[in-house]
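One structure is given here, and the rest of the page talks about it.
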Amino acid sequence: MCTRQLIGATVLGTAIAMLVPAPGHAEPYLTVRTGAKCSDCHSNLTGGGKRTPFPYIHAHDVLHDLQILPLPARVKSYDGQIFSRLSLGGDLRVRNKTQWSDNPDAQGRVRENRAFRGHVDFNETDIHEALLYGQLDLWPDVLSVYLDEDVTSGATTREVFALLRGVLPLDGYVKAGRFFTPFGLELHDDEGFVRANGGATFQNSDEGVEIGIMPGPFFLTAAVTDGVQGDTDVQSAINAYAVIDDVPVVRSVLAGASYLRQASDRYAAAWYAGTNLWHFTMLGEFVLIDDRSDTAAADDQFASYAEVDFLAFDWLNVRGIFEFLKVANQRNRTHYAIGLEPFIDVFLQPRIQYRINNAPGSEPDLNTTELVFELHVWF
């Protein structure tokens with residue numbers, strides 16, 4: 001059996017056996033910390049995008065925010081509802097990023113594995129992300145139309161689909177339109193190796209059909225989309241996960257697997273898990289890549305991701321990240337990052353993160369360090 005067939009058979013078997021898609025592109029650690037599935041908090045059942053009433057009602061329990069803004073006693077927070085059948089939401093991320101690097105020597109090389117670099121490449125502030133979400137319930141809890149629009153620069157439709165629920169057993173659903181292919185943890189970082197090199201990012205939504213079931217703590221979905229424009233091939237994916245709550249000692253456990261067929265010569269498989277211990281939340285993902293195309297990405301062999309979050313003072317999330325990309329010919333790459341994310345109030349979160357990017361010394365552009373300040377406003 002060839003490698004890609006083995007990958008497909010293994011992950012498909014795992015997914016079917018577990019009856020579990022991957023958590024969504026919001027913050028997967030919150031799924032693990034709270035024991036709630038992505039479909040509990042997001043209108044897009046595979047995660048990310050507009051929030052359901054649940055995170056508004058239970059915002060303080062989920063986010064552990066400080067609630068320090070001087071709001072008048074009778075002021076009610078926005079709950080997403082415009083009219084009884086129309087709800088709107090959004091995300092705004094304003095970011096300042098500073099990057100450092102070293103000057104290459106006469107051989108065009110730089111020193112590897114450096115926590116700090118010599119000179120500033122740039123410092124820039126921009127609107128990193130401005131997204132608007134809308135949901136129209138034609139038949140509440142049965143048929144709805146969903147829209148995810150990127151207005152960061154101009155207007156780009158990221159997702160637009162019809163969602164039909166209540167017509168399949170096991171709390172099943174059918175989605176048709178344009179959407180992101182569900183794969184892996186779906187971290188909110190398109191530069192991460194498991195996202196960028198795994199083949200599924202938040203820049204490549206596609207038209208197709210998705211079907212899934214959500215019995216109890218389990219979630220299983222399968223999607224078929226159009227694939228590369230202009231050819232006759234299609235892209236397909238299977239995503240599965242379970243979130244088991246009320247587990248002794250660790251409170252909750254996340255476990256899942258994914259399979260992605262991007263084209264006839266590119267496949268990827270992901271396995272991921274997460275759990276809690278005291279104030280710590282831990283996540284990990286491993287993505288196996290089988291790429292037989294003639295592109296540079298064909299050198300990628302596997303990507304891995306590890307994250308540890310610590311809830312300090314019951315309102316400050318401290319995050320540490322390690323990423324590793326295995327590349328042919330010993331051109332491996334790593335990312336290290338540490339960050340602070342205080343929850344100021346229900347709609348407001350600033351962030352600071354320092355990241356170290358390492359690669360072979362012959363690739364100086366990949367050996368950098370970054371300091372990022374971000375203000376995230378969501379509604």
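Going through the structure tokens in order, the chains are called A, B, and so on, while each chain numbers its residues from 1 and the ligands are numbered from 1 in the order shown.
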
DSSP strand (DSSP E or B) selection over stretch 98-200 of chain A, as number ranges by chain: A: 98-101, 119-139, 143-150, 156-165, 173-179

Long-range neighbours of stretch 142-146 of chain A as number ranges by chain, 12 Å cut-off, only C-alpha atoms, 2 positions minimum in chain: A: 42-45, 49-51, 85-89, 132-140, 148-149, 157-168, 171-179

Keeping N, CA and C atoms for every residue in the selection just given, could you write it to a file as a tab-separated table (two decimals), in the first residue's frame?
```
chain	number	residue	atom	x	y	z
A	42	HIS	N	-20.59	28.97	17.87
A	42	HIS	CA	-20.52	29.60	16.55
A	42	HIS	C	-21.66	29.15	15.64
A	43	SER	N	-22.20	30.11	14.89
A	43	SER	CA	-23.27	29.80	13.94
A	43	SER	C	-22.78	28.88	12.83
A	44	ASN	N	-21.52	29.08	12.41
A	44	ASN	CA	-20.89	28.16	11.48
A	44	ASN	C	-20.47	26.94	12.30
A	45	LEU	N	-21.12	25.81	12.10
A	45	LEU	CA	-21.02	24.70	13.03
A	45	LEU	C	-19.62	24.12	13.14
A	49	GLY	N	-16.18	32.57	13.07
A	49	GLY	CA	-17.22	33.43	12.53
A	49	GLY	C	-18.18	33.91	13.61
A	50	LYS	N	-19.42	34.14	13.22
A	50	LYS	CA	-20.41	34.74	14.11
A	50	LYS	C	-20.69	33.86	15.32
A	51	ARG	N	-20.88	34.51	16.46
A	51	ARG	CA	-21.17	33.79	17.69
A	51	ARG	C	-22.66	33.51	17.83
A	85	ARG	N	-35.05	37.37	13.55
A	85	ARG	CA	-34.50	36.38	12.62
A	85	ARG	C	-33.23	36.84	11.92
A	86	LEU	N	-32.72	37.99	12.30
A	86	LEU	CA	-31.49	38.50	11.71
A	86	LEU	C	-30.49	38.83	12.82
A	87	SER	N	-29.28	38.28	12.70
A	87	SER	CA	-28.23	38.56	13.68
A	87	SER	C	-26.95	38.92	12.94
A	88	LEU	N	-26.17	39.81	13.55
A	88	LEU	CA	-24.93	40.30	12.94
A	88	LEU	C	-23.80	40.20	13.97
A	89	GLY	N	-22.59	40.00	13.47
A	89	GLY	CA	-21.42	39.96	14.33
A	89	GLY	C	-20.20	40.44	13.57
A	132	LEU	N	-17.10	40.93	8.95
A	132	LEU	CA	-18.50	41.10	9.30
A	132	LEU	C	-19.24	39.80	9.02
A	133	TYR	N	-20.13	39.42	9.94
A	133	TYR	CA	-20.90	38.19	9.81
A	133	TYR	C	-22.39	38.50	9.86
A	134	GLY	N	-23.15	37.75	9.09
A	134	GLY	CA	-24.59	37.90	9.13
A	134	GLY	C	-25.29	36.56	9.01
A	135	GLN	N	-26.41	36.43	9.69
A	135	GLN	CA	-27.20	35.20	9.62
A	135	GLN	C	-28.68	35.55	9.55
A	136	LEU	N	-29.35	35.03	8.53
A	136	LEU	CA	-30.78	35.21	8.36
A	136	LEU	C	-31.46	33.86	8.55
A	137	ASP	N	-32.32	33.76	9.56
A	137	ASP	CA	-33.04	32.51	9.84
A	137	ASP	C	-34.36	32.52	9.10
A	138	LEU	N	-34.41	31.77	8.01
A	138	LEU	CA	-35.66	31.67	7.25
A	138	LEU	C	-36.68	30.84	8.00
A	139	TRP	N	-36.25	29.70	8.49
A	139	TRP	CA	-37.01	28.87	9.43
A	139	TRP	C	-36.09	28.64	10.63
A	140	PRO	N	-36.35	29.27	11.76
A	140	PRO	CA	-35.45	29.14	12.91
A	140	PRO	C	-35.15	27.69	13.25
A	148	ASP	N	-20.03	35.57	5.66
A	148	ASP	CA	-18.79	36.02	6.31
A	148	ASP	C	-18.05	36.88	5.29
A	149	GLU	N	-17.99	38.18	5.56
A	149	GLU	CA	-17.43	39.14	4.61
A	149	GLU	C	-16.17	39.78	5.18
A	157	THR	N	-15.89	38.08	-0.11
A	157	THR	CA	-16.75	37.10	0.55
A	157	THR	C	-15.94	35.86	0.89
A	158	ARG	N	-15.75	35.63	2.17
A	158	ARG	CA	-15.01	34.44	2.60
A	158	ARG	C	-15.94	33.22	2.64
A	159	GLU	N	-17.11	33.40	3.20
A	159	GLU	CA	-18.07	32.30	3.27
A	159	GLU	C	-19.48	32.82	3.00
A	160	VAL	N	-20.24	32.06	2.26
A	160	VAL	CA	-21.67	32.31	2.11
A	160	VAL	C	-22.32	30.97	1.79
A	161	PHE	N	-23.25	30.56	2.64
A	161	PHE	CA	-23.85	29.24	2.43
A	161	PHE	C	-25.23	29.16	3.06
A	162	ALA	N	-25.97	28.17	2.61
A	162	ALA	CA	-27.25	27.81	3.23
A	162	ALA	C	-27.00	26.64	4.17
A	163	LEU	N	-27.60	26.70	5.35
A	163	LEU	CA	-27.43	25.66	6.36
A	163	LEU	C	-28.79	25.07	6.70
A	164	LEU	N	-28.91	23.76	6.52
A	164	LEU	CA	-30.15	23.04	6.78
A	164	LEU	C	-29.94	22.09	7.94
A	165	ARG	N	-30.77	22.24	8.98
A	165	ARG	CA	-30.65	21.39	10.16
A	165	ARG	C	-31.98	20.70	10.45
A	166	GLY	N	-31.91	19.64	11.25
A	166	GLY	CA	-33.13	18.96	11.69
A	166	GLY	C	-33.69	17.97	10.70
A	167	VAL	N	-32.98	17.72	9.60
A	167	VAL	CA	-33.51	16.79	8.60
A	167	VAL	C	-32.73	15.47	8.59
A	168	LEU	N	-31.64	15.40	9.35
A	168	LEU	CA	-30.83	14.19	9.44
A	168	LEU	C	-30.81	13.70	10.88
A	171	ASP	N	-28.67	14.83	15.13
A	171	ASP	CA	-28.49	16.27	15.05
A	171	ASP	C	-27.64	16.63	13.83
A	172	GLY	N	-27.99	16.07	12.68
A	172	GLY	CA	-27.22	16.27	11.46
A	172	GLY	C	-27.55	17.57	10.77
A	173	TYR	N	-26.69	17.94	9.83
A	173	TYR	CA	-26.89	19.17	9.08
A	173	TYR	C	-26.31	19.00	7.67
A	174	VAL	N	-26.74	19.90	6.77
A	174	VAL	CA	-26.21	19.98	5.42
A	174	VAL	C	-25.88	21.44	5.14
A	175	LYS	N	-24.71	21.67	4.59
A	175	LYS	CA	-24.26	23.02	4.26
A	175	LYS	C	-23.90	23.05	2.78
A	176	ALA	N	-24.34	24.08	2.05
A	176	ALA	CA	-24.03	24.21	0.63
A	176	ALA	C	-23.72	25.66	0.32
A	177	GLY	N	-22.60	25.88	-0.38
A	177	GLY	CA	-22.20	27.23	-0.74
A	177	GLY	C	-20.69	27.35	-0.74
A	178	ARG	N	-20.20	28.49	-0.25
A	178	ARG	CA	-18.75	28.72	-0.16
A	178	ARG	C	-18.34	28.72	1.31
A	179	PHE	N	-17.34	27.92	1.65
A	179	PHE	CA	-16.93	27.80	3.05
A	179	PHE	C	-15.49	27.33	3.12
```

Find the residues around stretch 365-367 of chain A up to 8 Å (only C-alpha atoms counted), leave out those fewer than 5 positions away in its own chain, and share them as a PDB file with N, CA and C atoms, in the first residue's frame.
```
ATOM      1  N   SER A 101      16.026  41.026  11.981  1.00  0.00           N
ATOM      2  CA  SER A 101      16.790  39.985  11.287  1.00  0.00           C
ATOM      3  C   SER A 101      18.282  40.311  11.411  1.00  0.00           C
ATOM      4  N   ASP A 102      19.132  39.449  10.872  1.00  0.00           N
ATOM      5  CA  ASP A 102      20.578  39.662  10.851  1.00  0.00           C
ATOM      6  C   ASP A 102      21.049  39.846   9.410  1.00  0.00           C
ATOM      7  N   VAL A 110      23.252  33.360   7.809  1.00  0.00           N
ATOM      8  CA  VAL A 110      23.119  34.000   9.112  1.00  0.00           C
ATOM      9  C   VAL A 110      23.218  32.919  10.182  1.00  0.00           C
ATOM     10  N   GLU A 112      22.085  30.537  13.108  1.00  0.00           N
ATOM     11  CA  GLU A 112      20.811  29.854  13.357  1.00  0.00           C
ATOM     12  C   GLU A 112      20.474  29.869  14.841  1.00  0.00           C
ATOM     13  N   ILE A 356       9.972  33.696  17.652  1.00  0.00           N
ATOM     14  CA  ILE A 356      11.292  33.419  17.099  1.00  0.00           C
ATOM     15  C   ILE A 356      11.123  32.447  15.943  1.00  0.00           C
ATOM     16  N   ASN A 357      11.571  32.846  14.757  1.00  0.00           N
ATOM     17  CA  ASN A 357      11.483  32.007  13.561  1.00  0.00           C
ATOM     18  C   ASN A 357      12.877  31.524  13.184  1.00  0.00           C
ATOM     19  N   ASN A 358      13.076  30.215  13.168  1.00  0.00           N
ATOM     20  CA  ASN A 358      14.381  29.642  12.849  1.00  0.00           C
ATOM     21  C   ASN A 358      14.298  28.741  11.630  1.00  0.00           C
ATOM     22  N   ALA A 359      15.370  28.763  10.831  1.00  0.00           N
ATOM     23  CA  ALA A 359      15.470  27.950   9.620  1.00  0.00           C
ATOM     24  C   ALA A 359      16.959  27.764   9.336  1.00  0.00           C
ATOM     25  N   PRO A 360      17.321  26.991   8.302  1.00  0.00           N
ATOM     26  CA  PRO A 360      18.744  26.885   7.953  1.00  0.00           C
ATOM     27  C   PRO A 360      19.363  28.257   7.706  1.00  0.00           C
TER      28      PRO A 360
END
```

Could you tell me how far atom CA of A:Ser258 lies from atom CA of A:Ala297, in Å and to one decimal?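 These atoms are spaced 19.7 Å apart.
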
Stretch 12-245 of chain A: which residues are alpha helix (DSSP H) by DSSP, as a PyMOL selection string? chain A and resi 12-18+28-34+38-41+53-57+59-63+193-196

Can you tell me, as an MDAnalysis selection string, what residues are no more than 9 Å from stretch 104-106 of chain A when counting only C-alpha atoms, ignoring any on the same chain fewer than 6 positions away? chainID A and resid 361:362 364

Can I get the selection written as a compact mmCIF listing (two decimals), in the first residue's frame, with C-alpha atoms?
```txt
# COMPACT_ATOMS: atom_id res chain seq x y z
CA GLY A 361 21.31 29.70 7.94
CA SER A 362 21.32 29.69 4.14
CA PRO A 364 18.21 34.43 6.09
```

Fewer than 4 positions away in the same chain doesn't count, so skip those; otherwise give me all residues within 7 Å of A:Arg266, counting only C-alpha atoms, as a list in words.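 Near neighbours after the sequence-gap exclusion: Arg261, Gln262, Asp290, Asp291, Arg292 and Ser293 of chain A.
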
Could you give me, as an NGL selection string, the residues within 7 Å of A:Met282, counting only C-alpha atoms and dropping anything in the same chain fewer than 5 positions from it? :A and (274-276 or 307-309)

Those residues with N, CA and C atoms, as a CSV table (one decimal), in the first residue's frame please?
```csv
chain,number,residue,atom,x,y,z
A,274,GLY,N,-6.2,17.6,23.2
A,274,GLY,CA,-6.0,18.7,24.2
A,274,GLY,C,-6.6,18.3,25.5
A,275,THR,N,-6.1,18.9,26.6
A,275,THR,CA,-6.7,18.6,27.9
A,275,THR,C,-6.3,19.7,28.8
A,276,ASN,N,-6.8,19.7,30.1
A,276,ASN,CA,-6.6,20.7,31.1
A,276,ASN,C,-5.9,20.0,32.3
A,307,GLU,N,0.9,23.7,22.1
A,307,GLU,CA,0.5,25.0,22.8
A,307,GLU,C,0.2,24.7,24.3
A,308,VAL,N,0.7,25.6,25.1
A,308,VAL,CA,0.3,25.5,26.6
A,308,VAL,C,-0.2,26.9,27.0
A,309,ASP,N,-1.4,26.9,27.5
A,309,ASP,CA,-2.0,28.2,28.0
A,309,ASP,C,-2.2,28.1,29.5
```

Grab the atom CA of A:Ile338 to atom CA of A:Ser304 distance for me, in Å with one decimal place.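 Distance reported for this atom pair: 16.9 Å.
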
If you count only C-alpha atoms, which residues fall within 8 Å of A:Glu285, apart from same-chain ones fewer than 6 positions away, as an mmCIF file with C-alpha atoms, in the first residue's frame?
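As written to disk, selection19.cif reads:
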```
data_model
loop_
_atom_site.group_PDB
_atom_site.id
_atom_site.type_symbol
_atom_site.label_atom_id
_atom_site.label_comp_id
_atom_site.auth_asym_id
_atom_site.auth_seq_id
_atom_site.Cartn_x
_atom_site.Cartn_y
_atom_site.Cartn_z
ATOM 1 C CA GLY A 184 -7.199 20.025 11.908
ATOM 2 C CA LEU A 185 -7.361 22.389 14.875
ATOM 3 C CA VAL A 194 0.091 23.043 10.477
ATOM 4 C CA ALA A 270 -3.932 15.462 11.057
ATOM 5 C CA TRP A 271 -4.214 14.076 14.556
ATOM 6 C CA TYR A 272 -4.769 16.408 17.499
ATOM 7 C CA ALA A 273 -5.656 16.411 21.186
ATOM 8 C CA SER A 304 3.696 19.683 14.396
ATOM 9 C CA TYR A 305 2.230 22.160 16.863
ATOM 10 C CA ALA A 306 2.231 22.344 20.663
#
```

Just to confirm, what's the straight-line distance from atom CA of A:Ala115 to atom CA of A:Thr369 in Å (one decimal)?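 Value for the atom CA of A:Ala115-atom CA of A:Thr369 distance: 7.2 Å.
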
Distance criterion (only C-alpha atoms): nearest to A:Gln301 out of A:Gly198, A:Pro342, A:Pro72, A:Pro215: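 For A:Gln301, the nearest of the given residues is A:Gly198.
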
Check which residues of stretch 230-315 of chain A sit at most 8 Å from stretch 221-225 of chain A using only C-alpha atoms, and return one row each with the closest pair of atoms and their distance in Å to one decimal, ordered by chain and rising number, as a tab-separated table.
```
residue	atom	partner	partner_atom	distance
A:Val234	CA	A:Thr225	CA	5.9
A:Gln235	CA	A:Thr225	CA	5.2
A:Ser236	CA	A:Val224	CA	4.4
A:Ala237	CA	A:Ala223	CA	5.3
A:Ile238	CA	A:Ala222	CA	4.4
A:Asn239	CA	A:Thr221	CA	5.4
A:Ala240	CA	A:Thr221	CA	6.4
```
